[in-house]
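Text of run.txt, listed as compact mmCIF, C-alpha atoms:
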# COMPACT_ATOMS: atom_id res chain seq x y z
CA MET E 233 -3.54 22.06 -2.05
CA HIS E 234 -3.77 22.50 -5.81
CA GLN E 235 -5.78 25.52 -6.90
CA ASP E 236 -7.78 23.46 -9.37
CA VAL E 237 -8.45 19.94 -10.57
CA ASP E 238 -6.86 20.52 -13.99
CA SER E 239 -3.43 21.44 -12.60
CA LEU E 240 -3.47 18.44 -10.25
CA PHE E 241 -4.26 15.98 -13.07
CA ALA E 242 -1.75 17.64 -15.41
CA ALA E 243 0.99 17.13 -12.81
CA MET E 244 -0.14 13.55 -12.13
CA TRP E 245 -0.15 12.81 -15.88
CA GLN E 246 3.44 14.04 -16.28
CA ASP E 247 4.58 11.80 -13.41
CA TYR E 248 2.57 8.89 -14.82
CA ILE E 249 4.07 9.05 -18.33
CA SER E 250 7.56 9.21 -16.80
CA MET E 251 6.75 5.82 -15.19
CA THR E 252 4.79 4.52 -18.19
CA PRO E 253 6.55 5.53 -21.41
CA SER E 254 4.10 3.49 -23.51
CA ALA E 255 1.15 5.60 -22.31
CA ALA E 256 2.25 8.61 -24.34
CA LYS E 257 2.38 6.38 -27.46
CA VAL E 258 -1.05 4.89 -26.73
CA HIS E 259 -2.40 8.40 -26.21
CA GLN E 260 -1.10 9.43 -29.63
CA LEU E 261 -2.41 6.28 -31.32
CA LEU E 262 -5.96 6.56 -29.95
CA GLY E 263 -6.28 10.34 -29.85
CA GLN E 264 -5.34 10.81 -33.52
CA GLY E 265 -4.73 14.47 -32.79
CA ASN E 266 -7.90 14.92 -30.70
CA ALA E 267 -8.05 15.46 -26.95
CA ILE E 268 -8.57 12.30 -24.90
CA ILE E 269 -11.09 12.31 -22.06
CA ASN E 270 -9.77 10.54 -18.98
CA ASP E 271 -12.45 8.24 -17.51
CA HIS E 272 -10.71 7.72 -14.17
CA ILE E 273 -7.40 7.44 -12.40
CA ALA E 274 -6.51 4.95 -9.69
CA LEU E 275 -4.35 5.27 -6.60
CA ARG E 276 -3.11 2.59 -4.19
CA THR E 277 -2.24 2.85 -0.49
CA PHE E 278 -2.14 1.00 2.84
CA ASN E 279 -4.97 1.22 5.40
CA LEU E 280 -2.77 2.76 8.09
CA PRO E 281 -4.12 5.96 9.73
CA LYS E 282 -1.27 8.09 8.35
CA VAL E 283 -1.87 7.23 4.66
CA GLY E 284 -5.27 5.48 4.49
CA LEU E 285 -7.79 5.83 1.69
CA GLU E 286 -9.48 8.82 3.38
CA VAL E 287 -6.16 10.66 3.71
CA LEU E 288 -5.60 10.45 -0.06
CA ALA E 289 -9.25 11.24 -0.75
CA ALA E 290 -9.00 14.50 1.24
CA HIS E 291 -6.86 15.98 -1.55
CA PHE E 292 -9.71 15.39 -4.02
CA ILE E 293 -12.57 16.30 -1.67
CA GLU E 294 -10.96 19.69 -1.18
CA LEU E 295 -11.28 20.15 -4.97
CA GLY E 296 -15.00 19.32 -4.98
CA TYR E 297 -15.00 15.52 -5.30
CA GLN E 298 -17.62 13.42 -3.52
CA ALA E 299 -17.52 9.78 -2.38
CA CYS E 300 -19.79 7.57 -4.52
CA GLY E 301 -19.18 3.80 -4.31
CA ASP E 302 -17.62 1.29 -1.90
CA TYR E 303 -15.91 -1.93 -3.01
CA ARG E 304 -14.30 -4.95 -1.34
CA PHE E 305 -11.79 -7.35 -2.90
CA GLU E 306 -11.74 -10.37 -0.59
CA GLN E 307 -9.01 -12.31 -2.38
CA LYS E 308 -6.58 -9.39 -2.67
CA LYS E 309 -7.59 -8.09 0.79
CA LEU E 310 -8.42 -4.59 -0.42
CA ARG E 311 -11.05 -2.00 0.25
CA ALA E 312 -11.78 0.74 -2.30
CA LYS E 313 -13.97 3.77 -2.93
CA HIS E 314 -14.60 5.87 -5.99
CA PHE E 315 -15.13 9.61 -6.10
CA GLU E 316 -16.80 11.87 -8.66
CA HIS E 317 -16.61 15.58 -9.42
CA PRO E 318 -19.74 17.67 -10.12
CA ASP E 319 -18.16 18.51 -13.49
CA GLU E 320 -18.69 15.22 -15.34
CA THR E 321 -15.79 15.88 -17.71
CA GLN E 322 -13.37 15.56 -14.78
CA PRO E 323 -11.94 12.08 -14.20
CA LYS E 324 -13.44 9.81 -11.60
CA VAL E 325 -10.99 8.78 -8.90
CA PHE E 326 -10.66 5.17 -7.68
CA ILE E 327 -8.67 4.77 -4.45
CA SER E 328 -7.91 1.38 -2.95
CA GLU E 329 -6.13 0.42 0.28
CA LEU E 330 -4.50 -2.80 1.43
CA LEU E 331 -6.04 -4.30 4.61
CA VAL E 332 -2.61 -4.67 6.19
CA GLU E 333 -3.87 -6.44 9.34
CA GLU E 334 -4.99 -9.42 7.21
CA PHE E 335 -1.38 -10.26 6.29
CA SER E 336 1.58 -11.81 8.12
CA PRO E 337 3.17 -10.06 11.11
CA TRP E 338 6.28 -9.55 8.94
CA LEU E 339 4.33 -7.68 6.23
CA GLN E 340 2.48 -5.61 8.85
CA GLN E 341 5.75 -4.62 10.51
CA THR E 342 7.51 -3.90 7.20
CA VAL E 343 4.70 -1.69 5.87
CA ALA E 344 4.51 0.17 9.21
CA GLN E 345 8.27 0.86 9.01
CA LEU E 346 7.97 2.18 5.43
CA VAL E 347 5.06 4.47 6.24
CA ALA E 348 6.79 5.75 9.39
CA GLN E 349 9.51 7.23 7.15
CA ILE E 350 7.08 9.62 5.41
CA PRO E 351 7.37 13.14 6.85
CA ASP E 352 3.96 14.38 8.09
CA GLU E 353 4.22 17.55 6.02
CA ALA E 354 4.72 15.50 2.82
CA ILE E 355 1.22 13.98 3.17
CA SER E 356 -0.59 17.31 3.20
CA ALA E 357 1.67 18.87 0.52
CA ASP E 358 0.18 19.78 -2.88
CA ASP E 359 2.28 17.20 -4.67
CA PHE E 360 1.70 14.20 -2.37
CA LEU E 361 -0.46 12.34 -4.90
CA TYR E 362 2.45 12.21 -7.36
CA SER E 363 5.38 12.33 -4.94
CA GLY E 364 6.49 8.71 -5.33
CA ARG E 365 8.37 6.75 -2.69
CA HIS E 366 9.30 8.32 0.64
CA TRP E 367 11.31 5.48 2.16
CA ALA E 368 14.52 3.48 1.79
CA MET E 369 14.05 -0.16 0.78
CA ASP E 370 16.24 -2.97 -0.51
CA TYR E 371 15.35 -5.37 -3.29
CA ALA E 372 15.03 -8.37 -0.94
CA THR E 373 12.22 -6.59 0.93
CA TYR E 374 10.42 -5.89 -2.36
CA SER E 375 10.79 -9.54 -3.39
CA ARG E 376 9.45 -10.83 -0.10
CA LEU E 377 6.49 -8.43 -0.21
CA LEU E 378 5.80 -9.64 -3.76
CA GLU E 379 5.48 -13.23 -2.52
CA GLU E 380 2.75 -12.17 -0.11
CA SER E 381 1.00 -9.35 -1.97
CA GLU E 382 1.73 -8.00 -5.44
CA TYR E 383 -0.20 -4.87 -4.42
CA ALA E 384 1.94 -4.27 -1.31
CA ALA E 385 5.12 -4.72 -3.36
CA TRP E 386 3.90 -2.22 -5.96
CA VAL E 387 3.13 0.49 -3.39
CA ALA E 388 6.45 -0.20 -1.64
CA ALA E 389 8.36 0.19 -4.91
CA PHE E 390 6.49 3.17 -6.39
CA GLY E 391 4.90 5.01 -3.49
CA TYR E 392 2.28 7.66 -4.15
CA ARG E 393 1.35 8.24 -7.78
CA ALA E 394 -1.32 7.21 -10.28
CA ASN E 395 -1.30 3.45 -10.80
CA HIS E 396 -3.14 4.04 -14.08
CA PHE E 397 -5.03 6.55 -16.17
CA THR E 398 -8.02 5.41 -18.23
CA VAL E 399 -9.13 6.41 -21.73
CA SER E 400 -12.88 7.03 -22.01
CA VAL E 401 -13.77 5.01 -25.13
CA ASN E 402 -17.18 6.76 -25.19
CA HIS E 403 -15.40 10.02 -26.01
CA LEU E 404 -12.92 8.74 -28.62
CA ALA E 405 -13.39 10.25 -32.06
CA GLY E 406 -11.89 7.37 -34.06
CA PHE E 407 -13.24 4.31 -32.22
CA SER E 408 -16.74 3.31 -31.20
CA THR E 409 -16.11 -0.03 -29.47
CA LEU E 410 -13.61 -1.39 -26.96
CA GLU E 411 -12.91 -4.29 -29.35
CA ALA E 412 -11.74 -1.81 -31.99
CA VAL E 413 -9.49 -0.08 -29.45
CA ASN E 414 -7.97 -3.42 -28.38
CA GLU E 415 -7.34 -4.49 -32.00
CA ALA E 416 -5.59 -1.18 -32.77
CA LEU E 417 -3.41 -1.55 -29.66
CA LYS E 418 -2.43 -5.14 -30.47
CA ALA E 419 -1.71 -4.24 -34.09
CA ALA E 420 0.66 -1.56 -32.79
CA GLY E 421 2.46 -4.11 -30.62
CA PHE E 422 0.99 -3.39 -27.18
CA VAL E 423 0.40 -6.35 -24.86
CA LEU E 424 -3.04 -6.46 -23.25
CA ASN E 425 -3.98 -7.88 -19.86
CA SER E 426 -5.81 -11.14 -20.66
CA ALA E 427 -6.72 -12.14 -17.06
CA GLY E 428 -10.42 -12.94 -17.20
CA GLY E 429 -10.42 -12.21 -20.96
CA GLU E 430 -9.17 -9.12 -22.76
CA ILE E 431 -12.46 -7.34 -22.07
CA LYS E 432 -13.61 -7.36 -18.46
CA GLY E 433 -17.31 -6.72 -17.89
CA SER E 434 -20.02 -6.33 -20.52
CA ALA E 435 -22.92 -4.16 -21.65
CA ALA E 436 -25.04 -6.16 -19.16
CA VAL E 437 -23.09 -4.71 -16.20
CA LEU E 438 -22.92 -1.32 -18.00
CA LEU E 439 -19.11 -1.23 -18.08
CA GLU E 440 -16.43 -2.80 -20.28
CA GLN E 441 -12.75 -2.42 -19.41
CA SER E 442 -9.43 -3.50 -20.86
CA SER E 443 -5.85 -2.53 -20.15
CA THR E 444 -2.28 -2.86 -21.29
CA MET E 445 0.14 -4.86 -19.15
CA ALA E 446 2.32 -2.54 -17.09
CA ASP E 447 5.52 -1.17 -18.58
CA ARG E 448 8.73 -2.50 -17.06
CA ILE E 449 11.10 0.22 -15.91
CA PRO E 450 14.36 0.26 -13.93
CA VAL E 451 13.68 1.03 -10.26
CA ALA E 452 16.48 1.92 -7.85
CA PHE E 453 16.40 -0.01 -4.59
CA GLY E 454 18.88 0.48 -1.74
CA ASP E 455 21.20 -2.22 -2.99
CA ARG E 456 20.57 -2.46 -6.74
CA THR E 457 18.46 -1.30 -9.70
CA VAL E 458 15.98 -3.81 -11.13
CA GLU E 459 13.42 -3.68 -13.96
CA ILE E 460 9.95 -4.28 -12.55
CA PRO E 461 6.35 -3.62 -13.72
CA SER E 462 5.35 0.01 -13.17
CA CYS E 463 2.03 1.42 -14.37
CA PHE E 464 -0.46 0.55 -17.11
CA TYR E 465 -3.08 2.25 -19.29
CA GLU E 466 -6.73 1.30 -19.04
CA PHE E 467 -9.65 1.72 -21.48
CA ALA E 468 -13.27 1.95 -20.39
CA ARG E 469 -16.56 1.96 -22.27
CA ARG E 470 -19.65 2.84 -20.25
CA TYR E 471 -23.27 2.07 -21.10
CA PRO E 472 -26.41 4.05 -20.29
CA LYS E 473 -28.58 3.17 -17.30
CA ALA E 474 -32.39 3.06 -17.52
CA ASP E 475 -32.53 6.86 -17.15
CA GLY E 476 -30.31 7.30 -20.22
CA LYS E 477 -27.31 8.57 -18.24
CA LEU E 478 -24.02 6.69 -18.49
CA TYR E 479 -23.22 4.37 -15.59
CA THR E 480 -20.46 5.98 -13.49
CA GLY E 481 -19.61 3.22 -11.02
CA PHE E 482 -17.21 0.30 -11.10
CA VAL E 483 -17.66 -3.47 -11.24
CA ALA E 484 -15.68 -5.21 -8.52
CA ALA E 485 -15.24 -8.48 -10.46
CA SER E 486 -13.75 -6.56 -13.42
CA ALA E 487 -11.57 -4.31 -11.28
CA ASP E 488 -10.19 -7.42 -9.59
CA LYS E 489 -8.82 -8.59 -12.96
CA ILE E 490 -7.58 -5.09 -13.89
CA PHE E 491 -5.35 -5.22 -10.78
CA GLU E 492 -3.51 -8.09 -12.53
CA SER E 493 -2.04 -5.59 -15.02
CA THR E 494 0.89 -4.92 -12.68
CA ASN E 495 1.40 -8.55 -11.69
CA ALA E 496 5.10 -9.44 -11.92
CA LYS E 497 4.25 -13.07 -11.16
CA SER E 498 1.93 -13.59 -14.12
CA GLU E 499 4.67 -13.22 -16.70
CA SER E 500 5.80 -16.19 -18.70
Would you encode the structure as structure tokens?
Amino acid sequence: MHQDVDSLFAAMWQDYISMTPSAAKVHQLLGQGNAIINDHIALRTFNLPKVGLEVLAAHFIELGYQACGDYRFEQKKLRAKHFEHPDETQPKVFISELLVEEFSPWLQQTVAQLVAQIPDEAISADDFLYSGRHWAMDYATYSRLLEESEYAAWVAAFGYRANHFTVSVNHLAGFSTLEAVNEALKAAGFVLNSAGGEIKGSAAVLLEQSSTMADRIPVAFGDRTVEIPSCFYEFARRYPKADGKLYTGFVAASADKIFESTNAKSES
């Protein structure tokens, strides 16, 4: 396992910007030369014993993280948890898993075959959380998965890596509101996820979120290379609870819309 949280996130960030070239530009635009605090990262997986949510979480728990909130996404057939580190400057971690048994026998069988190709030692290795895809797959399989579950298709195409990083708007030097961040991004030519409105959530639920639409990058499948949506960058502004401390959880209704940032089907 990684010696410390910082080296793990540094390695995950390098993998993430290789998948999401726009993220480095966004980082530069919003940071204006200052360090950017990462609010949270998100990971996706399948709820099979070999690679379930708890298996991924073990890598973080070993580094001091603790489980904090549970979430269900009925429509997308997902379960999720978030984890926090005692050091509040460390990113929160949001891990979701697809409830594979709620899908067609074909999807269940396909996902089981993909996961079976992962060597056991790869899962416990230091670099598993940014190791990418461990299986062979053709484009037709990706396309068919996409028809049934955009989430399943994404994990099948990209494997194990951060689905997104998130800028903490509360800690940005040059911006005080999420609206200002969104306007700066749009002015610079970035496309925002507008599912459910550009800003998901509100001060009333103590969390506002927005995100870019995922970059499109060439992905090599067994039979051809195709440009598909990869990862996106998210922006979060948190509000204080009654005790004055910033809310640290997540809002399921907002997260549901954030998932749309990688949706290949929502493109015009």
- Message: Report as a PyMOL selection string all protein, DNA and RNA residues lying within 9 Å of Val343 in chain E, evaluated on only C-alpha atoms, omitting residues in the same chain fewer than 6 positions from it.
- Response: chain E and resi 278+280+332+384+388
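Nearest residue to Cys300 in chain E among E:Asp247, E:Lys418, E:Thr480, E:Glu492 is E:Thr480, counting all atoms listed in the file.
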Can you tell me, as a PDB file with C-alpha atoms, in the coordinates of the input, what residues are no more than 9 Å from Glu329 in chain E when counting only C-alpha atoms, ignoring any on the same chain fewer than 4 positions away?
ATOM      1  CA  LEU E 275      -4.350   5.270  -6.600  1.00  0.00           C
ATOM      2  CA  ARG E 276      -3.110   2.590  -4.190  1.00  0.00           C
ATOM      3  CA  THR E 277      -2.240   2.850  -0.490  1.00  0.00           C
ATOM      4  CA  PHE E 278      -2.140   1.000   2.840  1.00  0.00           C
ATOM      5  CA  ASN E 279      -4.970   1.220   5.400  1.00  0.00           C
ATOM      6  CA  LEU E 280      -2.770   2.760   8.090  1.00  0.00           C
ATOM      7  CA  GLY E 284      -5.270   5.480   4.490  1.00  0.00           C
ATOM      8  CA  LEU E 285      -7.790   5.830   1.690  1.00  0.00           C
ATOM      9  CA  LYS E 309      -7.590  -8.090   0.790  1.00  0.00           C
ATOM     10  CA  LEU E 310      -8.420  -4.590  -0.420  1.00  0.00           C
ATOM     11  CA  ARG E 311     -11.050  -2.000   0.250  1.00  0.00           C
ATOM     12  CA  ALA E 312     -11.780   0.740  -2.300  1.00  0.00           C
TER      13      ALA E 312
END
- Task: Provide the CA of Phe390 in chain E to CA of Ile249 in chain E distance in Å, to one decimal place.
- Result: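 Calculated distance between CA of Phe390 in chain E and CA of Ile249 in chain E is 13.5 Å.
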- Message: Could you list, as an NGL selection string, every residue within 12 Å of Ala474 in chain E, counting all atoms listed in the file and ignoring same-chain residues fewer than 3 positions away?
- Response: :E and (436 or 438 or 471 or 477-479)
- Item | Nearest to Gly429 in chain E by atom-to-atom distance, counting all atoms listed in the file, from E:Cys463, E:Ala299, E:Ala372, E:Ile490 | E:Ile490
- Among E:Ser381, E:Ala289, E:Glu294, E:Lys282, Ala344 in chain E is approached most closely, using all atoms listed in the file, by E:Lys282
- Item | Arg304 in chain E environment, 12 Å, all atoms listed in the file, sequence neighbours closer than 3 positions dropped, as a VMD selection string | chain E and resid 301 307 to 314 327 to 331 482 to 485 487 to 488
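For the pair CA of His317 in chain E and CA of Ala267 in chain E, the interatomic distance is 19.5 Å.
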- Return the single residue from E:Tyr303, E:Trp367, E:Phe397, E:Phe360 that is closest to Pro323 in chain E, with distances computed using only C-alpha atoms.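 Ranked by minimum distance to Pro323 in chain E, first place goes to E:Phe397.
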- What is the distance, in Å and to one decimal place, between CA of Ala452 in chain E and CA of Met369 in chain E?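 If I compute the distance from CA of Ala452 in chain E to CA of Met369 in chain E, I get 9.2 Å.
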- Which residue out of E:Leu295, E:Ala385, E:Val283, E:Ile269 has the minimum interatomic distance to Ala348 in chain E when only C-alpha atoms are used?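 Smallest separation from Ala348 in chain E among the options: E:Val283.
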- Query: Of the candidates E:Arg469, E:Pro281, E:Phe453, E:Ile460, which shows the shortest atom-to-atom distance to Ser408 in chain E, using all atoms listed in the file?
  - Reply: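 Closest to Ser408 in chain E of all the choices is E:Arg469.
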- Item | Residue contacts of range 257-259 of chain E (12 Å, all atoms listed in the file) excluding same-chain residues fewer than 2 positions away, as a ChimeraX atom specification | /E:245,249,252-255,261-270,397-401,404,413-414,416-423,443-444,464-467
Given the point (-0.6, -6.4, -15.9) in the coordinates of this file, which residues lie within 6 Å, counting all atoms listed in the file, and how would they look as a short mmCIF file (atom, residue, chain, number, x, y, z; two decimals) with C-alpha atoms, in the frame of the given file?
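Final output, result-v6.cif:
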data_model
loop_
_atom_site.label_atom_id
_atom_site.label_comp_id
_atom_site.auth_asym_id
_atom_site.auth_seq_id
_atom_site.Cartn_x
_atom_site.Cartn_y
_atom_site.Cartn_z
CA ASN E 425 -3.98 -7.88 -19.86
CA MET E 445 0.14 -4.86 -19.15
CA ALA E 446 2.32 -2.54 -17.09
CA GLU E 492 -3.51 -8.09 -12.53
CA SER E 493 -2.04 -5.59 -15.02
CA THR E 494 0.89 -4.92 -12.68
CA ASN E 495 1.40 -8.55 -11.69
#
